[in-house]
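Step one of this worksheet: look at the structure below.
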Amino acid sequence: MSGAVTAAAPAKINLSLGVGTRRPDGFHPLATVYQAIGLYDRVTVTDADDLTVSVTAQPRIPVDGVPLDDTNIAVRAARTLREHHGGIRRGAHLAIDKGIPVAGGMAGGSADAAAALLALDHLWGLGTPRAELMRIAAGLGSDVPFALVGGTAIGSGRGEVVVPLITVGEYWWVVLESERGLSTPSVYDEFDVLRDGSSVPDPEIPDALMTALRVHDVAALGASLSNDLQVAALRLRPELARALEQGRLESAHGAIVSGSGPSCLFLCEGRSHAVQVAGGLRSLDLGPVSFAPGPVHGARVVTTDDGRV
Ligand SMILES: C[C@](O)(CO)[C@H](O)COP(=O)(O)OP(=O)(O)OC[C@H]1O[C@@H](n2ccc(N)nc2=O)[C@H](O)[C@@H]1O
Ligand SMILES: Nc1ncnc2c1ncn2[C@@H]1O[C@H](COP(=O)(O)OP(=O)(O)OP(=O)(O)O)[C@@H](O)[C@H]1O
C-alpha cells in the first residue's frame with residue numbers, strides 16, 4: 001500500500017494520581033484515573049526507504065526538546081512494530097505535528113507513539129490485533145496504552161494496565177502550559193526524596209472522585225482531584241503554586257498540576273466558563289493558555305490517501 005496515513009492522538013490528564021513505593025524495577029505502582037482531552041498530536045506517515053522523522057507544532061509549543069533521531073518515541077514505535085512482525089524491511093517518514101506541550105506532563109510523546117503505531121499498521125497493511133498493539137504500547141512507555149484507549153480509564157501497575165470507565169457528560173479544562181518542560185524521571189526522583197525512604201500503602205483511587213464521575217458532579221470532581229506528584233513538581237517549579245492559586249481565584253472548580261507537570265489544569269463548569277477562566281489567566285501572562293473538553297477518543301487513523309479507514 002502507498003500514500004499518506006494520518007493518525008491523531010489526544011493529551012492525557014490524571015484526575016487522580018496515587019503513587020506507591022518505588023518497585024525494584026525502578027517504576028512506582030500507580031492508582032490513577034486517566035482522562036483524554038481534546039488537544040492532539042498528529043502523525044502522518046508516508047513510504048520511505050528508511051525511518052525518518054520531522055516535527056512541526058502549533059505556534060505556542062517550542063519543539064527544540066523533541067529528538068529527530070532514533071530516540072524519538074515515534075521512531076521507537078516504528079522499530080518495535082517492525083520487530084513484532086519478524087523484522088519486516090519497511091521504511092517510512094513520520095511527520096509529527098504537535099498540539100500537546102513537550103515534557104508538559106500531558107503524555108505528548110506517548111500520543112505520538114500511539115498515533116505512529118496505528119498509522120504505520122495501516123500504511124504497511126499489517127492488521128496487528130488490538131491486544132498486540134496494547135502490549136507493544138506498554139513496552140514503549142507507561143502512558144502509551146492509555147493513549148490508544150482514550151476516554152476516561154483506571155490505570156494501575158506502572159500505569160500500563162488500563163481499564164476503561166463508562167462516564168456521563170463532558171468536562172471542560174483550561175490548560176496553562178509552561179515554556180520550559182519538566183523531566184518525568186526527575187519529578188519521580190524528587191517525589192522519593194520527599195518521601196524520605198518511608199514505605200507507603202499501595203495507592204487507591206478516592207471514592208469521592210468515582211462518585212463525582214458517576215453522577216457528573218463538576219464541583220465535586222473539582223474538589224476531589226488529586227496528584228501525589230504535585231508536591232514534587234512544585235518543589236522543582238515553585239512558581240506553579242501561584243498559577244494554581246490564580247486559577248482558583250478565576251473561579252475554577254479545581255486546580256491541579258497535570259501528571260508530572262509543569263502544565264496546570266483548571267476544571268470549569270462548561271465551555272463558556274472555560275473561555276472566561278482562560279481569558280483571566282491569559283491576562284496574567286503566566287504562559288500559553290488553551291482549553292479543551294474531555295473525555296475524547298483515543299488514538300485513531302483520521303485520514304488516508306486510499307480512503308481505507
Ligand atoms: C507521570 C505519568 O505521566 C502519570 O500518568 C506517568 O507515570 C509517566 O509515564 P511515562 O512518561 O510513559 O513514563 P515511562 O516512559 O514509562 O517512564 C519514564 C520514567 O518515569 C519514572 N516512572 C514512570 C512510571 C511509573 N509508574 N513510575 C516511575 O517511576 C521512571 O523513572 C521511568 O524510568
Ligand atoms: N515524539 C516526541 N515528542 C515529545 N518528546 C519526545 C518525543 N520523543 C522523545 N521525546 C523526549 O521525551 C521527553 C518527554 O516528552 P513528553 O512530551 O512525552 O513528556 P510528558 O508529556 O511530560 O510525558 P508524560 O506525561 O508521559 O510523563 C521530551 O523531553 C523529549 O526529550
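Each chain in the C-alpha cells gets a letter, A, B and so on, in the order shown; residues start at 1 in every chain, and ligands are counted from 1 in the order they appear.
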Problem - Spatial neighbours of Pro29 of chain A, 8 Å, only C-alpha atoms, chain gap at least 4 places, as a list in words - result: Val19, Gly20, Thr21, Arg22, Arg23, Ser156, Gly157, Arg158, Gly159, Asp202 and Pro203 of chain A
Exercise for the section: Enumerate the residues of segment 69-257 of chain A with a DSSP assignment of alpha helix (DSSP H), computed from the backbone, and present them as JSON, numbers by chain. Expected result: {"A": [73, 74, 75, 76, 77, 78, 79, 80, 81, 82, 83, 84, 108, 109, 110, 111, 112, 113, 114, 115, 116, 117, 118, 119, 120, 121, 122, 123, 130, 131, 132, 133, 134, 135, 136, 137, 138, 139, 140, 144, 145, 146, 147, 148, 149, 184, 185, 186, 187, 188, 189, 190, 191, 192, 193, 194, 195, 207, 208, 209, 210, 211, 212, 213, 214, 215, 218, 219, 220, 221, 222, 223, 224, 230, 231, 232, 233, 234, 235, 236, 240, 241, 242, 243, 244, 245, 246, 247, 248, 249]}
Produce as a PDB file with C-alpha atoms, in the first residue's frame the set of residues near ligand 2, where near means within 7 Å with only C-alpha atoms and all ligand atoms considered.
ATOM      1  CA  GLY A  65      13.384  19.303  23.093  1.00  0.00           C
ATOM      2  CA  VAL A  66      11.995  16.777  20.603  1.00  0.00           C
ATOM      3  CA  PRO A  67      14.695  14.458  19.229  1.00  0.00           C
ATOM      4  CA  THR A  71      15.383   8.160  20.346  1.00  0.00           C
ATOM      5  CA  ASN A  72      12.155   9.822  19.214  1.00  0.00           C
ATOM      6  CA  ILE A  73       9.447   7.648  20.756  1.00  0.00           C
ATOM      7  CA  ALA A  74       7.503   7.574  17.457  1.00  0.00           C
ATOM      8  CA  PRO A 101       3.126  20.551  25.014  1.00  0.00           C
ATOM      9  CA  VAL A 102       6.547  18.848  25.105  1.00  0.00           C
ATOM     10  CA  ALA A 103       7.570  17.475  28.527  1.00  0.00           C
ATOM     11  CA  GLY A 104       4.414  19.092  29.890  1.00  0.00           C
ATOM     12  CA  GLY A 105       3.018  16.167  31.904  1.00  0.00           C
ATOM     13  CA  MET A 106       0.348  15.509  29.268  1.00  0.00           C
ATOM     14  CA  ALA A 107       1.912  12.474  27.579  1.00  0.00           C
ATOM     15  CA  GLY A 108       2.672  14.123  24.240  1.00  0.00           C
ATOM     16  CA  GLY A 109       5.398  11.623  23.378  1.00  0.00           C
ATOM     17  CA  SER A 110       3.097   8.750  24.310  1.00  0.00           C
ATOM     18  CA  ASP A 112       2.988  10.245  19.150  1.00  0.00           C
ATOM     19  CA  ALA A 113       3.919   6.616  19.829  1.00  0.00           C
ATOM     20  CA  ASP A 143       1.315   6.156  29.379  1.00  0.00           C
ATOM     21  CA  GLY A 181       9.186  21.338  30.398  1.00  0.00           C
ATOM     22  CA  LEU A 182       9.889  19.069  33.376  1.00  0.00           C
ATOM     23  CA  SER A 183      11.558  15.664  33.110  1.00  0.00           C
ATOM     24  CA  THR A 184       9.263  12.871  34.341  1.00  0.00           C
ATOM     25  CA  GLY A 259       0.791  14.406  35.897  1.00  0.00           C
ATOM     26  CA  SER A 260       4.495  15.154  36.368  1.00  0.00           C
ATOM     27  CA  GLY A 261       3.914  18.796  35.364  1.00  0.00           C
TER      28      GLY A 261
END
What lies within 10 Å of Gly280 of chain A using only C-alpha atoms, ignoring chain neighbours under 5 positions off, as a PDB file with C-alpha atoms, in the first residue's frame?
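Generated file (part18.pdb):
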ATOM      1  CA  GLN A 246      -4.777  32.289  40.227  1.00  0.00           C
ATOM      2  CA  GLY A 247      -6.943  29.626  38.619  1.00  0.00           C
ATOM      3  CA  LEU A 249      -9.322  32.995  42.063  1.00  0.00           C
ATOM      4  CA  GLU A 250     -10.650  32.879  38.489  1.00  0.00           C
ATOM      5  CA  SER A 251     -13.403  30.600  39.896  1.00  0.00           C
ATOM      6  CA  ALA A 274     -13.596  27.803  30.342  1.00  0.00           C
ATOM      7  CA  VAL A 275     -13.421  30.739  27.906  1.00  0.00           C
ATOM      8  CA  ASP A 285       0.833  36.282  31.210  1.00  0.00           C
ATOM      9  CA  VAL A 289      -3.319  29.030  27.837  1.00  0.00           C
TER      10      VAL A 289
END
Practice task
May I ask which of the residues A:Leu133, A:Val163, A:Val187, A:Ala7 is the closest one to ligand 1, counting only C-alpha atoms and all ligand atoms?
Solution key: A:Val187
Handout entry: Among listed residues A:Ala31, A:Pro293, A:Leu229, A:Asp196, nearest Gly18 of chain A (using only C-alpha atoms)
Key =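 Among A:Ala31, A:Pro293, A:Leu229, A:Asp196, it is A:Ala31 that comes nearest to Gly18 of chain A.
Shortest separation to Thr152 of chain A among A:Val63, A:Ala77, A:Ile13, A:Ala57 occurs at residue A:Ile13, atoms counted being only C-alpha atoms.
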Problem - DSSP strand (DSSP E) residues within segment 103-266 of chain A, listed as a PyMOL selection string - result: chain A and resi 152-156+161-165+171-176+226-227+254-257+264-266
Exercise for the section: Select, from A:Arg60, A:Lys12, A:Arg271, A:Arg130, the residue with the minimum atom-to-atom distance to ligand 1, counting only C-alpha atoms and all ligand atoms. Expected result: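 Result for the nearest residue to ligand 1: A:Lys12.
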Distance query Ala219 of chain A at most 8 Å, only C-alpha atoms, self and fewer than 5 positions along chain excluded, as a CSV table (one decimal) with C-alpha atoms, in the first residue's frame:
chain,number,residue,atom,x,y,z
A,253,HIS,CA,-13.8,24.3,40.4
A,254,GLY,CA,-10.4,22.6,40.8
A,269,GLU,CA,-18.4,24.4,34.7
Practice task
Between atom CA of Thr80 of chain A and atom CA of Pro145 of chain A, measure the distance and give it in Å to one decimal.
Solution key: 14.4 Å
Exercise for the section: Identify which of the residues A:Asp50, A:Glu170, A:Leu240, A:Ala255 lies closest to Gly222 of chain A, counting only C-alpha atoms when measuring atom-to-atom distances. Expected result: A:Ala255
Exercise for the section: Using only C-alpha atoms and all ligand atoms, find the one residue out of A:Ile61, A:Ala137, A:Ile205, A:Leu176 that sits nearest to ligand 1. Expected result: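 When distances to ligand 1 are compared using only C-alpha atoms and all ligand atoms, the smallest one comes from A:Ala137.
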Practice task
Name the residues in contact with Pro164 of chain A at a cut-off of 9 Å, using only C-alpha atoms, excluding same-chain residues fewer than 3 positions from it; report them as a ChimeraX atom specification.
Solution key: /A:149-155
Handout entry: Close residues, Ala9 of chain A itself excluded, 12 Å, only C-alpha atoms, min 5 positions apart in chain, as JSON, numbers by chain
Key = {"A": [36, 37, 38, 39, 40, 41, 42, 43, 44, 96, 97, 98, 99, 100, 106, 107, 108, 109, 110, 111, 112, 113, 114, 115, 116, 117, 118, 119, 144, 145, 146, 147, 148, 149, 150, 151, 296, 297, 298, 299, 300, 301, 302]}
